[in-house]
file coords.cif (mmCIF, C-alpha atoms)
data_structure
loop_
_atom_site.group_PDB
_atom_site.id
_atom_site.type_symbol
_atom_site.label_atom_id
_atom_site.label_comp_id
_atom_site.auth_asym_id
_atom_site.auth_seq_id
_atom_site.Cartn_x
_atom_site.Cartn_y
_atom_site.Cartn_z
ATOM 1 C CA MET A 1 -13.025 -13.631 -8.953
ATOM 2 C CA ALA A 2 -14.911 -10.642 -7.870
ATOM 3 C CA ARG A 3 -13.204 -8.920 -4.997
ATOM 4 C CA LYS A 4 -14.983 -7.221 -2.160
ATOM 5 C CA MET A 5 -15.260 -3.495 -2.681
ATOM 6 C CA LYS A 6 -16.801 -0.763 -0.627
ATOM 7 C CA LEU A 7 -17.516 2.822 -1.619
ATOM 8 C CA ARG A 8 -18.540 5.465 0.857
ATOM 9 C CA THR A 9 -19.110 9.182 0.424
ATOM 10 C CA ARG A 10 -18.988 11.869 3.068
ATOM 11 C CA THR A 11 -18.485 15.608 3.395
ATOM 12 C CA ARG A 12 -15.058 16.824 4.432
ATOM 13 C CA GLU A 13 -13.977 20.460 4.478
ATOM 14 C CA GLY A 14 -16.925 21.440 2.301
ATOM 15 C CA LYS A 15 -16.183 18.885 -0.372
ATOM 16 C CA ILE A 16 -17.503 15.446 -1.145
ATOM 17 C CA GLU A 17 -14.981 12.788 -0.285
ATOM 18 C CA ILE A 18 -15.077 9.417 -2.018
ATOM 19 C CA LEU A 19 -13.564 6.550 -0.049
ATOM 20 C CA VAL A 20 -12.944 3.229 -1.751
ATOM 21 C CA LEU A 21 -11.851 0.043 -0.050
ATOM 22 C CA ILE A 22 -10.775 -2.963 -2.097
ATOM 23 C CA ASN A 23 -9.839 -6.372 -0.768
ATOM 24 C CA HIS A 24 -6.601 -6.933 -2.615
ATOM 25 C CA PRO A 25 -3.275 -8.505 -1.544
ATOM 26 C CA MET A 26 -1.097 -5.777 -3.182
ATOM 27 C CA GLU A 27 1.745 -8.289 -3.368
ATOM 28 C CA THR A 28 5.031 -6.549 -4.198
ATOM 29 C CA GLY A 29 6.881 -9.394 -5.869
ATOM 30 C CA LEU A 30 9.795 -8.751 -3.500
ATOM 31 C CA ARG A 31 8.645 -10.970 -0.634
ATOM 32 C CA LYS A 32 9.790 -14.544 -0.295
ATOM 33 C CA ASP A 33 7.772 -17.472 0.912
ATOM 34 C CA LYS A 34 9.328 -18.377 4.244
ATOM 35 C CA LYS A 35 9.043 -22.148 3.696
ATOM 36 C CA THR A 36 9.900 -22.573 0.034
ATOM 37 C CA LYS A 37 12.241 -19.542 -0.207
ATOM 38 C CA GLU A 38 10.609 -18.728 -3.508
ATOM 39 C CA LYS A 39 9.542 -15.255 -4.458
ATOM 40 C CA ILE A 40 5.844 -14.576 -4.242
ATOM 41 C CA PRO A 41 4.819 -13.173 -7.627
ATOM 42 C CA ALA A 42 3.756 -9.536 -7.762
ATOM 43 C CA HIS A 43 0.027 -8.902 -7.729
ATOM 44 C CA TYR A 44 -1.089 -5.330 -7.249
ATOM 45 C CA ILE A 45 -3.536 -2.744 -8.495
ATOM 46 C CA GLN A 46 -2.046 -0.508 -11.161
ATOM 47 C CA LYS A 47 -4.902 1.677 -12.335
ATOM 48 C CA MET A 48 -7.935 3.223 -10.764
ATOM 49 C CA THR A 49 -10.361 5.703 -12.238
ATOM 50 C CA LEU A 50 -13.058 7.805 -10.652
ATOM 51 C CA HIS A 51 -15.994 8.922 -12.775
ATOM 52 C CA HIS A 52 -18.366 11.589 -11.546
ATOM 53 C CA ASN A 53 -21.702 11.647 -13.398
ATOM 54 C CA GLY A 54 -20.065 9.804 -16.274
ATOM 55 C CA GLN A 55 -17.076 12.141 -16.589
ATOM 56 C CA LEU A 56 -13.534 11.198 -15.684
ATOM 57 C CA ALA A 57 -12.604 13.028 -12.477
ATOM 58 C CA ALA A 58 -9.394 11.286 -11.421
ATOM 59 C CA GLU A 59 -7.108 8.659 -12.839
ATOM 60 C CA ALA A 60 -4.675 7.052 -10.416
ATOM 61 C CA ASN A 61 -1.641 4.861 -11.050
ATOM 62 C CA PHE A 62 -0.457 2.737 -8.174
ATOM 63 C CA GLY A 63 2.817 1.003 -7.493
ATOM 64 C CA ILE A 64 3.788 -1.642 -4.982
ATOM 65 C CA GLY A 65 4.063 1.024 -2.272
ATOM 66 C CA VAL A 66 0.322 1.062 -1.675
ATOM 67 C CA SER A 67 -0.757 -1.096 1.263
ATOM 68 C CA GLU A 68 -2.725 -4.314 1.230
ATOM 69 C CA ASP A 69 -6.497 -3.791 1.017
ATOM 70 C CA PRO A 70 -6.123 -0.246 -0.321
ATOM 71 C CA LEU A 71 -8.287 2.479 1.132
ATOM 72 C CA ILE A 72 -8.212 5.316 -1.348
ATOM 73 C CA GLY A 73 -9.701 8.761 -0.932
ATOM 74 C CA PHE A 74 -10.543 11.393 -3.552
ATOM 75 C CA ARG A 75 -12.430 14.643 -3.232
ATOM 76 C CA LEU A 76 -14.760 16.372 -5.653
ATOM 77 C CA ASP A 77 -15.253 20.157 -5.785
ATOM 78 C CA ASP A 78 -18.551 20.198 -7.596
ATOM 79 C CA ALA A 79 -20.353 17.101 -6.346
ATOM 80 C CA LYS A 80 -23.718 17.160 -4.628
ATOM 81 C CA ASN A 81 -26.061 14.639 -3.078
ATOM 82 C CA GLY A 82 -27.626 12.340 -5.642
ATOM 83 C CA ASP A 83 -24.696 12.508 -8.061
ATOM 84 C CA LYS A 84 -23.404 9.232 -9.430
ATOM 85 C CA VAL A 85 -19.833 8.157 -8.831
ATOM 86 C CA LYS A 86 -18.097 5.115 -10.223
ATOM 87 C CA VAL A 87 -14.716 3.667 -9.357
ATOM 88 C CA GLU A 88 -12.991 1.084 -11.526
ATOM 89 C CA TRP A 89 -9.646 -0.615 -11.073
ATOM 90 C CA SER A 90 -7.374 -3.108 -12.774
ATOM 91 C CA ASP A 91 -4.281 -4.947 -11.558
ATOM 92 C CA ASN A 92 -1.107 -6.307 -13.131
ATOM 93 C CA LYS A 93 -2.705 -9.721 -13.613
ATOM 94 C CA GLY A 94 -5.618 -8.330 -15.579
ATOM 95 C CA GLU A 95 -8.133 -8.575 -12.770
ATOM 96 C CA THR A 96 -10.649 -5.751 -12.729
ATOM 97 C CA GLY A 97 -13.420 -4.460 -10.555
ATOM 98 C CA ALA A 98 -15.955 -1.676 -10.467
ATOM 99 C CA ILE A 99 -18.355 -0.148 -8.010
ATOM 100 C CA GLU A 100 -20.972 2.546 -8.383
ATOM 101 C CA ALA A 101 -22.685 4.625 -5.762
ATOM 102 C CA VAL A 102 -24.856 7.669 -5.265
ATOM 103 C CA VAL A 103 -23.301 10.583 -3.390
ATOM 104 C CA GLU A 104 -24.633 11.072 0.107
ATOM 105 C CA GLY A 105 -22.908 13.832 1.997
ATOM 106 C CA MET B 106 -2.084 1.193 -44.216
ATOM 107 C CA CYS B 107 -1.030 2.478 -40.885
ATOM 108 C CA TYR B 108 -1.814 0.864 -37.562
ATOM 109 C CA GLY B 109 -0.138 3.423 -35.383
ATOM 110 C CA ILE B 110 0.778 2.532 -31.864
ATOM 111 C CA PHE B 111 -2.178 2.111 -29.622
ATOM 112 C CA ARG B 112 -1.890 2.030 -25.914
ATOM 113 C CA LEU B 113 -4.821 0.145 -24.531
ATOM 114 C CA ASP B 114 -7.148 1.862 -22.206
ATOM 115 C CA TRP B 115 -8.042 -0.592 -19.496
ATOM 116 C CA LEU B 116 -11.640 0.411 -19.723
ATOM 117 C CA SER B 117 -11.672 -0.485 -23.372
ATOM 118 C CA ILE B 118 -10.154 -3.820 -22.483
ATOM 119 C CA ASN B 119 -12.926 -4.291 -19.988
ATOM 120 C CA GLN B 120 -15.488 -3.675 -22.647
ATOM 121 C CA LEU B 121 -13.588 -5.931 -24.978
ATOM 122 C CA LYS B 122 -13.887 -8.836 -22.580
ATOM 123 C CA HIS B 123 -17.634 -8.547 -22.744
ATOM 124 C CA SER B 124 -17.740 -8.240 -26.514
ATOM 125 C CA SER B 125 -17.858 -11.383 -28.558
ATOM 126 C CA SER B 126 -16.864 -9.708 -31.827
ATOM 127 C CA VAL B 127 -15.089 -6.716 -33.278
ATOM 128 C CA VAL B 128 -18.386 -5.269 -34.405
ATOM 129 C CA GLU B 129 -19.881 -5.523 -30.940
ATOM 130 C CA PHE B 130 -16.738 -3.957 -29.444
ATOM 131 C CA ILE B 131 -16.839 -1.014 -31.815
ATOM 132 C CA GLN B 132 -20.516 -0.549 -31.098
ATOM 133 C CA SER B 133 -19.930 -0.572 -27.363
ATOM 134 C CA LEU B 134 -17.196 2.052 -27.661
ATOM 135 C CA ARG B 135 -18.862 4.265 -30.233
ATOM 136 C CA GLY B 136 -22.351 3.888 -28.891
ATOM 137 C CA THR B 137 -23.681 3.616 -32.440
ATOM 138 C CA ASN B 138 -24.444 0.668 -34.649
ATOM 139 C CA VAL B 139 -22.010 -0.585 -37.252
ATOM 140 C CA THR B 140 -23.325 -0.559 -40.817
ATOM 141 C CA ASP B 141 -23.165 -3.593 -43.114
ATOM 142 C CA GLU B 142 -20.410 -1.992 -45.171
ATOM 143 C CA GLU B 143 -18.327 -1.324 -42.118
ATOM 144 C CA SER B 144 -18.738 -4.842 -40.811
ATOM 145 C CA ILE B 145 -17.506 -6.252 -44.158
ATOM 146 C CA LEU B 146 -14.496 -3.952 -43.849
ATOM 147 C CA VAL B 147 -13.834 -5.282 -40.365
ATOM 148 C CA THR B 148 -13.993 -8.892 -41.588
ATOM 149 C CA GLN B 149 -11.528 -8.112 -44.349
ATOM 150 C CA MET B 150 -9.184 -6.397 -41.945
ATOM 151 C CA LYS B 151 -9.320 -9.297 -39.515
ATOM 152 C CA ARG B 152 -8.169 -11.683 -42.230
ATOM 153 C CA ARG B 153 -5.250 -9.448 -43.075
ATOM 154 C CA ILE B 154 -4.051 -8.957 -39.529
ATOM 155 C CA PHE B 155 -2.061 -11.718 -37.973
ATOM 156 C CA LEU B 156 -3.558 -12.283 -34.547
ATOM 157 C CA GLN B 157 -0.265 -13.078 -32.963
ATOM 158 C CA SER B 158 -0.358 -11.721 -29.445
ATOM 159 C CA SER B 159 -3.925 -12.078 -28.325
ATOM 160 C CA LEU B 160 -7.466 -11.873 -29.468
ATOM 161 C CA ALA B 161 -7.841 -8.574 -27.675
ATOM 162 C CA SER B 162 -5.005 -6.772 -29.420
ATOM 163 C CA GLY B 163 -6.130 -8.307 -32.699
ATOM 164 C CA ILE B 164 -9.565 -6.872 -32.302
ATOM 165 C CA ILE B 165 -8.187 -3.475 -31.332
ATOM 166 C CA MET B 166 -5.892 -3.478 -34.330
ATOM 167 C CA ALA B 167 -8.691 -4.484 -36.641
ATOM 168 C CA ALA B 168 -10.906 -1.796 -35.201
ATOM 169 C CA ALA B 169 -8.175 0.827 -35.384
ATOM 170 C CA ALA B 170 -6.998 -0.097 -38.856
ATOM 171 C CA THR B 171 -10.440 0.221 -40.354
ATOM 172 C CA GLY B 172 -10.624 3.718 -38.952
ATOM 173 C CA LEU B 173 -13.893 2.969 -37.202
ATOM 174 C CA LEU B 174 -12.332 3.897 -33.924
ATOM 175 C CA LYS B 175 -10.662 7.203 -33.483
ATOM 176 C CA PRO B 176 -7.403 6.904 -31.563
ATOM 177 C CA GLY B 177 -8.889 9.083 -28.849
ATOM 178 C CA THR B 178 -11.434 6.480 -27.901
ATOM 179 C CA VAL B 179 -8.812 3.793 -27.471
ATOM 180 C CA LEU B 180 -5.972 5.962 -26.261
ATOM 181 C CA ALA B 181 -5.574 6.580 -22.586
ATOM 182 C CA ALA B 182 -2.574 7.013 -20.406
ATOM 183 C CA ALA B 183 -0.773 3.728 -19.931
ATOM 184 C CA TRP B 184 0.500 2.687 -16.525
ATOM 185 C CA PRO B 185 3.881 4.518 -16.205
ATOM 186 C CA ALA B 186 6.057 1.456 -15.636
ATOM 187 C CA ASN B 187 9.347 3.389 -15.895
ATOM 188 C CA ALA B 188 8.349 5.872 -13.225
ATOM 189 C CA PHE B 189 7.379 3.114 -10.813
ATOM 190 C CA ALA B 190 10.600 1.212 -11.516
ATOM 191 C CA ALA B 191 12.722 4.299 -10.738
ATOM 192 C CA LYS B 192 14.988 3.939 -7.706
ATOM 193 C CA THR B 193 15.037 7.611 -6.736
ATOM 194 C CA ILE B 194 12.409 10.326 -6.467
ATOM 195 C CA ASP B 195 14.276 12.472 -9.019
ATOM 196 C CA ASP B 196 14.222 9.674 -11.568
ATOM 197 C CA ALA B 197 10.556 8.968 -10.988
ATOM 198 C CA LEU B 198 9.748 12.677 -11.427
ATOM 199 C CA LYS B 199 11.634 12.787 -14.730
ATOM 200 C CA GLN B 200 9.779 9.738 -15.975
ATOM 201 C CA LEU B 201 6.414 11.090 -14.910
ATOM 202 C CA TYR B 202 6.616 14.774 -15.750
ATOM 203 C CA GLY B 203 9.777 15.099 -17.853
ATOM 204 C CA THR B 204 11.501 17.253 -15.247
ATOM 205 C CA ASN B 205 12.638 17.010 -11.649
ATOM 206 C CA ALA B 206 12.591 20.746 -11.045
ATOM 207 C CA VAL B 207 10.336 21.109 -8.021
ATOM 208 C CA THR B 208 9.611 24.139 -5.871
ATOM 209 C CA GLU B 209 9.056 23.672 -2.160
ATOM 210 C CA SER B 210 5.586 24.901 -1.338
ATOM 211 C CA LYS B 211 3.712 25.633 1.864
ATOM 212 C CA ASP B 212 0.405 25.232 0.064
ATOM 213 C CA ILE B 213 0.623 21.456 0.205
ATOM 214 C CA GLU B 214 -0.255 19.589 3.344
ATOM 215 C CA ILE B 215 0.606 16.002 4.182
ATOM 216 C CA LYS B 216 -1.489 14.485 6.926
ATOM 217 C CA ALA B 217 0.186 11.440 8.384
ATOM 218 C CA PRO B 218 1.334 10.128 11.743
ATOM 219 C CA LEU B 219 4.790 11.341 12.856
ATOM 220 C CA GLN B 220 5.456 7.864 14.069
ATOM 221 C CA ALA B 221 3.993 4.751 12.474
ATOM 222 C CA GLU B 222 3.799 1.583 14.494
ATOM 223 C CA ASN B 223 3.250 -0.590 11.462
ATOM 224 C CA GLY B 224 5.249 0.277 8.369
ATOM 225 C CA ALA B 225 2.969 -1.883 6.226
ATOM 226 C CA VAL B 226 0.006 0.424 6.717
ATOM 227 C CA VAL B 227 0.766 4.121 7.059
ATOM 228 C CA PRO B 228 -2.215 6.391 6.356
ATOM 229 C CA VAL B 229 -1.201 9.421 4.302
ATOM 230 C CA ALA B 230 -3.452 12.190 3.024
ATOM 231 C CA VAL B 231 -2.279 14.949 0.697
ATOM 232 C CA SER B 232 -4.217 18.144 0.161
ATOM 233 C CA THR B 233 -3.362 21.412 -1.489
ATOM 234 C CA SER B 234 -4.670 24.925 -1.848
ATOM 235 C CA LEU B 235 -2.700 25.454 -5.068
ATOM 236 C CA PRO B 236 -4.932 26.602 -7.954
ATOM 237 C CA LYS B 237 -6.001 24.025 -10.532
ATOM 238 C CA PRO B 238 -4.036 20.997 -9.371
ATOM 239 C CA GLU B 239 -3.459 18.737 -12.384
ATOM 240 C CA ALA B 240 -1.665 15.835 -10.783
ATOM 241 C CA ILE B 241 -0.503 14.478 -7.444
ATOM 242 C CA SER B 242 2.238 11.987 -6.820
ATOM 243 C CA LEU B 243 3.335 10.429 -3.572
ATOM 244 C CA TYR B 244 6.788 9.094 -2.712
ATOM 245 C CA VAL B 245 8.417 7.174 0.122
ATOM 246 C CA LYS B 246 12.102 8.015 -0.229
ATOM 247 C CA GLU B 247 13.615 4.931 1.398
ATOM 248 C CA ASN B 248 11.448 2.368 -0.388
ATOM 249 C CA VAL B 249 12.982 0.212 -3.135
ATOM 250 C CA GLN B 250 10.519 1.855 -5.493
ATOM 251 C CA PRO B 251 9.886 5.338 -4.058
ATOM 252 C CA LEU B 252 6.859 6.189 -6.198
ATOM 253 C CA ALA B 253 3.760 4.876 -4.443
ATOM 254 C CA ALA B 254 1.011 6.575 -6.404
ATOM 255 C CA ALA B 255 0.597 9.047 -9.252
ATOM 256 C CA ILE B 256 -2.805 10.561 -9.823
ATOM 257 C CA ASP B 257 -4.091 12.708 -12.664
ATOM 258 C CA LEU B 258 -6.901 15.018 -11.691
ATOM 259 C CA PRO B 259 -8.928 16.034 -14.727
ATOM 260 C CA ARG B 260 -11.804 17.246 -12.520
ATOM 261 C CA ALA B 261 -11.328 16.127 -8.932
ATOM 262 C CA SER B 262 -9.962 18.477 -6.282
ATOM 263 C CA GLY B 263 -6.389 18.564 -5.045
ATOM 264 C CA TYR B 264 -6.748 15.800 -2.534
ATOM 265 C CA PHE B 265 -5.651 12.204 -2.321
ATOM 266 C CA SER B 266 -5.414 9.739 0.513
ATOM 267 C CA ALA B 267 -4.130 6.204 0.748
ATOM 268 C CA ARG B 268 -2.330 3.841 3.063
ATOM 269 C CA VAL B 269 1.243 3.232 2.012
ATOM 270 C CA LYS B 270 3.968 0.761 2.843
ATOM 271 C CA MET B 271 7.183 2.037 4.390
ATOM 272 C CA ALA B 272 10.263 -0.158 4.558
ATOM 273 C CA LYS B 273 11.789 1.979 7.289
ATOM 274 C CA THR B 274 11.822 5.474 8.739
ATOM 275 C CA SER B 275 11.761 7.753 5.741
ATOM 276 C CA GLU B 276 10.910 11.050 4.198
ATOM 277 C CA VAL B 277 7.497 11.027 2.552
ATOM 278 C CA ARG B 278 7.152 13.492 -0.287
ATOM 279 C CA ALA B 279 4.103 14.790 -2.113
ATOM 280 C CA VAL B 280 4.474 16.487 -5.487
ATOM 281 C CA ILE B 281 1.674 18.499 -7.047
ATOM 282 C CA LYS B 282 1.520 19.726 -10.613
ATOM 283 C CA SER B 283 -0.231 23.047 -10.927
ATOM 284 C CA GLY B 284 -0.121 25.379 -13.916
ATOM 285 C CA GLY B 285 2.476 23.142 -15.560
ATOM 286 C CA LYS B 286 4.895 23.517 -12.632
ATOM 287 C CA LEU B 287 5.823 21.094 -9.891
ATOM 288 C CA TYR B 288 5.441 21.932 -6.226
ATOM 289 C CA SER B 289 6.398 19.722 -3.364
ATOM 290 C CA THR B 290 6.492 19.259 0.344
ATOM 291 C CA SER B 291 7.766 16.488 2.553
ATOM 292 C CA MET B 292 7.641 15.142 6.078
ATOM 293 C CA ASN B 293 9.558 12.560 8.006
ATOM 294 C CA ILE B 294 7.721 9.532 9.304
ATOM 295 C CA LYS B 295 9.333 7.293 11.879
ATOM 296 C CA VAL B 296 8.633 3.615 11.532
ATOM 297 C CA THR B 297 8.900 1.545 14.675
ATOM 298 C CA VAL B 298 10.520 -1.765 13.846
ATOM 299 C CA GLY B 299 8.556 -4.703 15.135
ATOM 300 C CA GLY B 300 5.418 -2.642 15.369
ATOM 301 C CA CYS B 301 4.946 -3.151 19.131
ATOM 302 C CA GLY B 302 4.290 0.493 19.728
ATOM 303 C CA GLY B 303 7.650 1.274 21.394
#
call {"tool": "encode", "arguments": {"input": "coords.cif", "output": "structure tokens"}}
result
Amino acid sequence: MARKMKLRTRTREGKIEILVLINHPMETGLRKDKKTKEKIPAHYIQKMTLHHNGQLAAEANFGIGVSEDPLIGFRLDDAKNGDKVKVEWSDNKGETGAIEAVVEG
Amino acid sequence: MCYGIFRLDWLSINQLKHSSSVVEFIQSLRGTNVTDEESILVTQMKRRIFLQSSLASGIIMAAAATGLLKPGTVLAAAWPANAFAAKTIDDALKQLYGTNAVTESKDIEIKAPLQAENGAVVPVAVSTSLPKPEAISLYVKENVQPLAAAIDLPRASGYFSARVKMAKTSEVRAVIKSGGKLYSTSMNIKVTVGGCGG
């Protein structure tokens, strides 16, 4: 059930930016199947955390307003090349994922 | 005996999935081994707790009740369901921060297209020069559920970007918590119906 994830780091405005891409439908639960007229059940990411060298740097809560295949960006004030970053997420159906990377500005 | 109310940290749940027993779970969270005496205590507690809902909550309860886990290790902010269910920005703010008193601020910048061809994918980036930003939240006023994302920033800088869905042309609002106060700015994004670039 592992979903595709990508994590990329870059320097923006003097800070390290962490960009995460997750392949996820982010289904709102409001859409209807055009053929069966039945509601498509909600399936979306609710939590995401960013750890920087093992310490919690950001904790995000998402609703259904975040687009399909979310591309999320955070920035770190005190990060430098070689630091470890880790992003983890979980959705409303209990699916989870994690990705780790080394900062490269 | 007091169980208290434990909100499950999703990370703990993650660890729980990989643990075959209470003892292993406690070890993985504490990072130290469980003594023989403690493991007997856990076994006794497990017998006394009715594992009604799920194995996971049963294990957490057993671990919590024996006092081997401090609440802090299990406790983490739960997903704020009420805030996301709110139909207005004011309501969502009250649910999230306990107040909807926001000050308009020029120190917050929203980077987004003035006109979005596809309302399903609108890139929005929020940044701020406010000191010590504690939290960011992002709203699309005309959406059924205006709150799109709420981020706590224990250490990261005052920046967040994502792609959001927009039902129609709407005000997009960013709220930043800094020094216990709420600051906000907004911009209007036009959504072209049909997405053919008109």
call {"tool": "resolve_selection", "arguments": {"input": "coords.cif", "expression": "the PyMOL selection byres ((chain A) within 10 of (chain B))", "output": "PyMOL selection string"}}
result
chain A and resi 15-21+30+46-52+55-79+88-92+94-97
call {"tool": "write_last_selection", "arguments": {"input": "coords.cif", "atoms": "C-alpha atoms", "output": "tab-separated table (two decimals), keeping the file's coordinate frame"}}
result
chain	number	residue	atom	x	y	z
A	15	LYS	CA	-16.18	18.89	-0.37
A	16	ILE	CA	-17.50	15.45	-1.14
A	17	GLU	CA	-14.98	12.79	-0.28
A	18	ILE	CA	-15.08	9.42	-2.02
A	19	LEU	CA	-13.56	6.55	-0.05
A	20	VAL	CA	-12.94	3.23	-1.75
A	21	LEU	CA	-11.85	0.04	-0.05
A	30	LEU	CA	9.80	-8.75	-3.50
A	46	GLN	CA	-2.05	-0.51	-11.16
A	47	LYS	CA	-4.90	1.68	-12.34
A	48	MET	CA	-7.94	3.22	-10.76
A	49	THR	CA	-10.36	5.70	-12.24
A	50	LEU	CA	-13.06	7.80	-10.65
A	51	HIS	CA	-15.99	8.92	-12.78
A	52	HIS	CA	-18.37	11.59	-11.55
A	55	GLN	CA	-17.08	12.14	-16.59
A	56	LEU	CA	-13.53	11.20	-15.68
A	57	ALA	CA	-12.60	13.03	-12.48
A	58	ALA	CA	-9.39	11.29	-11.42
A	59	GLU	CA	-7.11	8.66	-12.84
A	60	ALA	CA	-4.68	7.05	-10.42
A	61	ASN	CA	-1.64	4.86	-11.05
A	62	PHE	CA	-0.46	2.74	-8.17
A	63	GLY	CA	2.82	1.00	-7.49
A	64	ILE	CA	3.79	-1.64	-4.98
A	65	GLY	CA	4.06	1.02	-2.27
A	66	VAL	CA	0.32	1.06	-1.68
A	67	SER	CA	-0.76	-1.10	1.26
A	68	GLU	CA	-2.72	-4.31	1.23
A	69	ASP	CA	-6.50	-3.79	1.02
A	70	PRO	CA	-6.12	-0.25	-0.32
A	71	LEU	CA	-8.29	2.48	1.13
A	72	ILE	CA	-8.21	5.32	-1.35
A	73	GLY	CA	-9.70	8.76	-0.93
A	74	PHE	CA	-10.54	11.39	-3.55
A	75	ARG	CA	-12.43	14.64	-3.23
A	76	LEU	CA	-14.76	16.37	-5.65
A	77	ASP	CA	-15.25	20.16	-5.78
A	78	ASP	CA	-18.55	20.20	-7.60
A	79	ALA	CA	-20.35	17.10	-6.35
A	88	GLU	CA	-12.99	1.08	-11.53
A	89	TRP	CA	-9.65	-0.62	-11.07
A	90	SER	CA	-7.37	-3.11	-12.77
A	91	ASP	CA	-4.28	-4.95	-11.56
A	92	ASN	CA	-1.11	-6.31	-13.13
A	94	GLY	CA	-5.62	-8.33	-15.58
A	95	GLU	CA	-8.13	-8.57	-12.77
A	96	THR	CA	-10.65	-5.75	-12.73
A	97	GLY	CA	-13.42	-4.46	-10.56
call {"tool": "closest_residue", "arguments": {"input": "coords.cif", "among": "B:Thr204, B:Ser210, B:Ser291, B:Thr233", "to": "Lys246 (chain B)", "atoms": "all atoms listed in the file"}}
result
B:Ser291
call {"tool": "atom_distance", "arguments": {"input": "coords.cif", "atom1": "CA of Glu104 (chain A)", "atom2": "CA of Ile215 (chain B)"}}
result
26.0 Å
call {"tool": "axis_aligned_box", "arguments": {"input": "coords.cif", "around": "region 88-100 of chain A", "padding_each_side": "8 Å", "output": "JSON"}}
result
{"center_x": -11.0, "center_y": -3.6, "center_z": -11.8, "size_x": 35.9, "size_y": 28.3, "size_z": 23.6}
call {"tool": "atom_distance", "arguments": {"input": "coords.cif", "atom1": "CA of Ile22 (chain A)", "atom2": "CA of Lys6 (chain A)"}}
result
6.6 Å
call {"tool": "atom_distance", "arguments": {"input": "coords.cif", "atom1": "CA of Lys35 (chain A)", "atom2": "CA of Asn223 (chain B)"}}
result
23.6 Å
call {"tool": "resolve_selection", "arguments": {"input": "coords.cif", "expression": "the PyMOL selection byres ((chain B and resi 275) around 8)", "output": "MDAnalysis selection string"}}
result
chainID B and resid 245:247 271 273:274 276:277 293:296
call {"tool": "build_atoms", "arguments": {"input": "coords.cif", "residues": "region 5-16 of chain A", "atoms": "N, CA and C atoms", "output": "PDB file, in the frame of the given file"}}
result
ATOM      1  N   MET A   5     -15.542  -4.931  -2.577  1.00  0.00           N
ATOM      2  CA  MET A   5     -15.260  -3.495  -2.681  1.00  0.00           C
ATOM      3  C   MET A   5     -16.304  -2.741  -1.876  1.00  0.00           C
ATOM      4  N   LYS A   6     -15.862  -1.631  -1.334  1.00  0.00           N
ATOM      5  CA  LYS A   6     -16.801  -0.763  -0.627  1.00  0.00           C
ATOM      6  C   LYS A   6     -16.578   0.651  -1.105  1.00  0.00           C
ATOM      7  N   LEU A   7     -17.648   1.410  -1.258  1.00  0.00           N
ATOM      8  CA  LEU A   7     -17.516   2.822  -1.619  1.00  0.00           C
ATOM      9  C   LEU A   7     -18.416   3.631  -0.688  1.00  0.00           C
ATOM     10  N   ARG A   8     -17.813   4.657  -0.115  1.00  0.00           N
ATOM     11  CA  ARG A   8     -18.540   5.465   0.857  1.00  0.00           C
ATOM     12  C   ARG A   8     -18.293   6.927   0.502  1.00  0.00           C
ATOM     13  N   THR A   9     -19.303   7.749   0.670  1.00  0.00           N
ATOM     14  CA  THR A   9     -19.110   9.182   0.424  1.00  0.00           C
ATOM     15  C   THR A   9     -19.444   9.944   1.698  1.00  0.00           C
ATOM     16  N   ARG A  10     -18.733  11.048   1.901  1.00  0.00           N
ATOM     17  CA  ARG A  10     -18.988  11.869   3.068  1.00  0.00           C
ATOM     18  C   ARG A  10     -18.521  13.293   2.766  1.00  0.00           C
ATOM     19  N   THR A  11     -18.916  14.229   3.608  1.00  0.00           N
ATOM     20  CA  THR A  11     -18.485  15.608   3.395  1.00  0.00           C
ATOM     21  C   THR A  11     -17.297  15.909   4.290  1.00  0.00           C
ATOM     22  N   ARG A  12     -16.244  16.433   3.682  1.00  0.00           N
ATOM     23  CA  ARG A  12     -15.058  16.824   4.432  1.00  0.00           C
ATOM     24  C   ARG A  12     -14.584  18.177   3.915  1.00  0.00           C
ATOM     25  N   GLU A  13     -14.446  19.120   4.820  1.00  0.00           N
ATOM     26  CA  GLU A  13     -13.977  20.460   4.478  1.00  0.00           C
ATOM     27  C   GLU A  13     -14.760  21.046   3.291  1.00  0.00           C
ATOM     28  N   GLY A  14     -16.058  20.855   3.323  1.00  0.00           N
ATOM     29  CA  GLY A  14     -16.925  21.440   2.301  1.00  0.00           C
ATOM     30  C   GLY A  14     -16.924  20.729   0.966  1.00  0.00           C
ATOM     31  N   LYS A  15     -16.217  19.620   0.892  1.00  0.00           N
ATOM     32  CA  LYS A  15     -16.183  18.885  -0.372  1.00  0.00           C
ATOM     33  C   LYS A  15     -16.680  17.464  -0.151  1.00  0.00           C
ATOM     34  N   ILE A  16     -17.079  16.837  -1.245  1.00  0.00           N
ATOM     35  CA  ILE A  16     -17.503  15.446  -1.145  1.00  0.00           C
ATOM     36  C   ILE A  16     -16.270  14.553  -1.259  1.00  0.00           C
TER      37      ILE A  16
END
